[in-house]
Amino acid sequence: MYSFGDRSIFQIDANLGAPAAMLEMLLYARPGVIELLPALPSAWKTGSVTGIGARGGFSVDLAWKDGKVTSATVRSVGGTETEVRFGRWKKRITLRRGQSVTLRP
C-alpha cells in the first residue's frame, strides 16, 4: 500500500510483475517456440527451475551451468508441436498430451 494523504493505492506490480519478468528471463515462449535462457543475468550463472508454464500447452523443467543449458524437460499439458531454442541450437519436438522429452543442447 502506498499512502497519499487521505487515500491509499495497492501496488500489485512488484508482487506479480517482477516474478513473471524473472521467469521470462529464463524461458520465453510463444505458440510454436520455446526459447531457453534468452536473458540470463550474469549473477545467475548456474541454477535450475521446475514447472515453468510455456505458451502453447507445455511445462518446462530447466537446468543450466556456466550460463549454458544442461537439460530441459518439456512436458505436454495439451500442446503437440513446438520448437525449442537455445542460442543457435534448435530442435523441433512433437508430443502427445502427458508425454515429455528431455533435451541436452
# chains A, B, ... in the order shown; residues from 1 in each chain; ligands from 1
>>> residues_around(residues="Ile34 of chain A", least_positions_apart="2", cutoff="10 Å", atoms="only C-alpha atoms", output="number ranges by chain")
A: 27-32, 36-38, 54-56, 58, 60, 74, 82-86, 90-91
>>> residues_around(residues="Val101 of chain A", least_positions_apart="4", cutoff="9 Å", atoms="only C-alpha atoms", output="CSV table (one decimal) with N, CA and C atoms, in the first residue's frame")
chain,number,residue,atom,x,y,z
A,72,ALA,N,16.8,-29.7,-20.4
A,72,ALA,CA,15.4,-29.1,-20.4
A,72,ALA,C,14.4,-30.2,-20.7
A,73,THR,N,13.5,-30.4,-19.7
A,73,THR,CA,12.5,-31.4,-19.9
A,73,THR,C,11.2,-30.7,-20.2
A,74,VAL,N,10.7,-31.0,-21.4
A,74,VAL,CA,9.5,-30.3,-21.9
A,74,VAL,C,8.3,-31.3,-21.8
A,75,ARG,N,7.3,-30.9,-21.1
A,75,ARG,CA,6.1,-31.8,-20.9
A,75,ARG,C,4.9,-31.2,-21.7
A,93,ILE,N,10.0,-30.5,-31.7
A,93,ILE,CA,9.5,-31.7,-31.0
A,93,ILE,C,8.0,-31.8,-31.2
A,95,LEU,N,4.9,-33.9,-29.3
A,95,LEU,CA,4.5,-34.7,-28.1
A,95,LEU,C,3.0,-34.9,-28.1
>>> closest_residue(among="A:Glu35, A:Gln99, A:Thr70, A:Gly57", to="Gly87 of chain A", atoms="only C-alpha atoms")
A:Glu35
>>> atom_distance(atom1="atom CA of Gly51 of chain A", atom2="atom CA of Arg88 of chain A")
24.0 Å
>>> closest_residue(among="A:Gly98, A:Pro105, A:Glu24, A:Val33", to="Glu81 of chain A", atoms="only C-alpha atoms")
A:Val33
>>> closest_residue(among="A:Ala43, A:Leu16, A:Ala21, A:Leu103", to="Leu62 of chain A", atoms="only C-alpha atoms")
A:Leu103
>>> decode(residues="segment 23-50 of chain A", atoms="N, CA and C atoms", output="JSON list (two decimals), in the first residue's frame")
[["chain", "number", "residue", "atom", "x", "y", "z"],
["A", 23, "LEU", "N", 10.89, -14.98, -14.67],
["A", 23, "LEU", "CA", 10.69, -16.24, -15.39],
["A", 23, "LEU", "C", 10.92, -16.06, -16.89],
["A", 24, "GLU", "N", 10.52, -14.93, -17.43],
["A", 24, "GLU", "CA", 10.73, -14.69, -18.87],
["A", 24, "GLU", "C", 12.20, -14.49, -19.21],
["A", 25, "MET", "N", 13.02, -14.16, -18.21],
["A", 25, "MET", "CA", 14.47, -14.09, -18.44],
["A", 25, "MET", "C", 15.03, -15.50, -18.60],
["A", 26, "LEU", "N", 14.36, -16.48, -18.03],
["A", 26, "LEU", "CA", 14.80, -17.87, -18.09],
["A", 26, "LEU", "C", 14.17, -18.63, -19.25],
["A", 27, "LEU", "N", 12.92, -18.30, -19.58],
["A", 27, "LEU", "CA", 12.19, -19.01, -20.62],
["A", 27, "LEU", "C", 11.20, -18.05, -21.26],
["A", 28, "TYR", "N", 11.33, -17.86, -22.56],
["A", 28, "TYR", "CA", 10.39, -17.02, -23.29],
["A", 28, "TYR", "C", 9.65, -17.91, -24.27],
["A", 29, "ALA", "N", 8.34, -17.90, -24.21],
["A", 29, "ALA", "CA", 7.56, -18.79, -25.06],
["A", 29, "ALA", "C", 6.45, -18.03, -25.77],
["A", 30, "ARG", "N", 6.18, -18.50, -26.96],
["A", 30, "ARG", "CA", 5.02, -18.07, -27.72],
["A", 30, "ARG", "C", 4.58, -19.32, -28.47],
["A", 31, "PRO", "N", 3.34, -19.37, -28.94],
["A", 31, "PRO", "CA", 2.92, -20.59, -29.62],
["A", 31, "PRO", "C", 3.89, -20.97, -30.74],
["A", 32, "GLY", "N", 4.41, -22.19, -30.68],
["A", 32, "GLY", "CA", 5.32, -22.69, -31.69],
["A", 32, "GLY", "C", 6.79, -22.55, -31.37],
["A", 33, "VAL", "N", 7.15, -21.78, -30.33],
["A", 33, "VAL", "CA", 8.57, -21.58, -30.00],
["A", 33, "VAL", "C", 8.75, -21.44, -28.49],
["A", 34, "ILE", "N", 9.74, -22.16, -27.96],
["A", 34, "ILE", "CA", 10.16, -22.01, -26.57],
["A", 34, "ILE", "C", 11.65, -21.66, -26.60],
["A", 35, "GLU", "N", 12.01, -20.50, -26.07],
["A", 35, "GLU", "CA", 13.41, -20.08, -26.02],
["A", 35, "GLU", "C", 13.93, -20.23, -24.60],
["A", 36, "LEU", "N", 15.06, -20.92, -24.46],
["A", 36, "LEU", "CA", 15.66, -21.17, -23.16],
["A", 36, "LEU", "C", 16.74, -20.14, -22.87],
["A", 37, "LEU", "N", 16.72, -19.59, -21.68],
["A", 37, "LEU", "CA", 17.69, -18.61, -21.18],
["A", 37, "LEU", "C", 17.90, -17.43, -22.15],
["A", 38, "PRO", "N", 16.83, -16.77, -22.58],
["A", 38, "PRO", "CA", 17.00, -15.67, -23.54],
["A", 38, "PRO", "C", 17.66, -14.43, -22.94],
["A", 39, "ALA", "N", 17.58, -14.26, -21.62],
["A", 39, "ALA", "CA", 18.13, -13.05, -21.00],
["A", 39, "ALA", "C", 18.68, -13.39, -19.61],
["A", 40, "LEU", "N", 19.50, -14.41, -19.54],
["A", 40, "LEU", "CA", 20.03, -14.87, -18.25],
["A", 40, "LEU", "C", 20.97, -13.82, -17.66],
["A", 41, "PRO", "N", 20.66, -13.33, -16.44],
["A", 41, "PRO", "CA", 21.56, -12.37, -15.79],
["A", 41, "PRO", "C", 22.89, -13.04, -15.44],
["A", 42, "SER", "N", 23.97, -12.30, -15.50],
["A", 42, "SER", "CA", 25.29, -12.86, -15.21],
["A", 42, "SER", "C", 25.39, -13.37, -13.77],
["A", 43, "ALA", "N", 24.59, -12.83, -12.87],
["A", 43, "ALA", "CA", 24.60, -13.27, -11.48],
["A", 43, "ALA", "C", 23.97, -14.65, -11.29],
["A", 44, "TRP", "N", 23.24, -15.14, -12.29],
["A", 44, "TRP", "CA", 22.57, -16.44, -12.22],
["A", 44, "TRP", "C", 23.28, -17.46, -13.11],
["A", 45, "LYS", "N", 24.58, -17.55, -13.05],
["A", 45, "LYS", "CA", 25.35, -18.43, -13.95],
["A", 45, "LYS", "C", 24.91, -19.88, -13.90],
["A", 46, "THR", "N", 24.57, -20.36, -12.73],
["A", 46, "THR", "CA", 24.18, -21.75, -12.55],
["A", 46, "THR", "C", 22.87, -21.81, -11.78],
["A", 47, "GLY", "N", 21.98, -22.71, -12.19],
["A", 47, "GLY", "CA", 20.71, -22.83, -11.48],
["A", 47, "GLY", "C", 19.77, -23.82, -12.13],
["A", 48, "SER", "N", 18.58, -23.88, -11.57],
["A", 48, "SER", "CA", 17.54, -24.74, -12.14],
["A", 48, "SER", "C", 16.19, -24.22, -11.69],
["A", 49, "VAL", "N", 15.18, -24.58, -12.45],
["A", 49, "VAL", "CA", 13.81, -24.21, -12.14],
["A", 49, "VAL", "C", 12.91, -25.31, -12.69],
["A", 50, "THR", "N", 11.82, -25.58, -12.01],
["A", 50, "THR", "CA", 10.91, -26.64, -12.46],
["A", 50, "THR", "C", 9.50, -26.08, -12.64]]
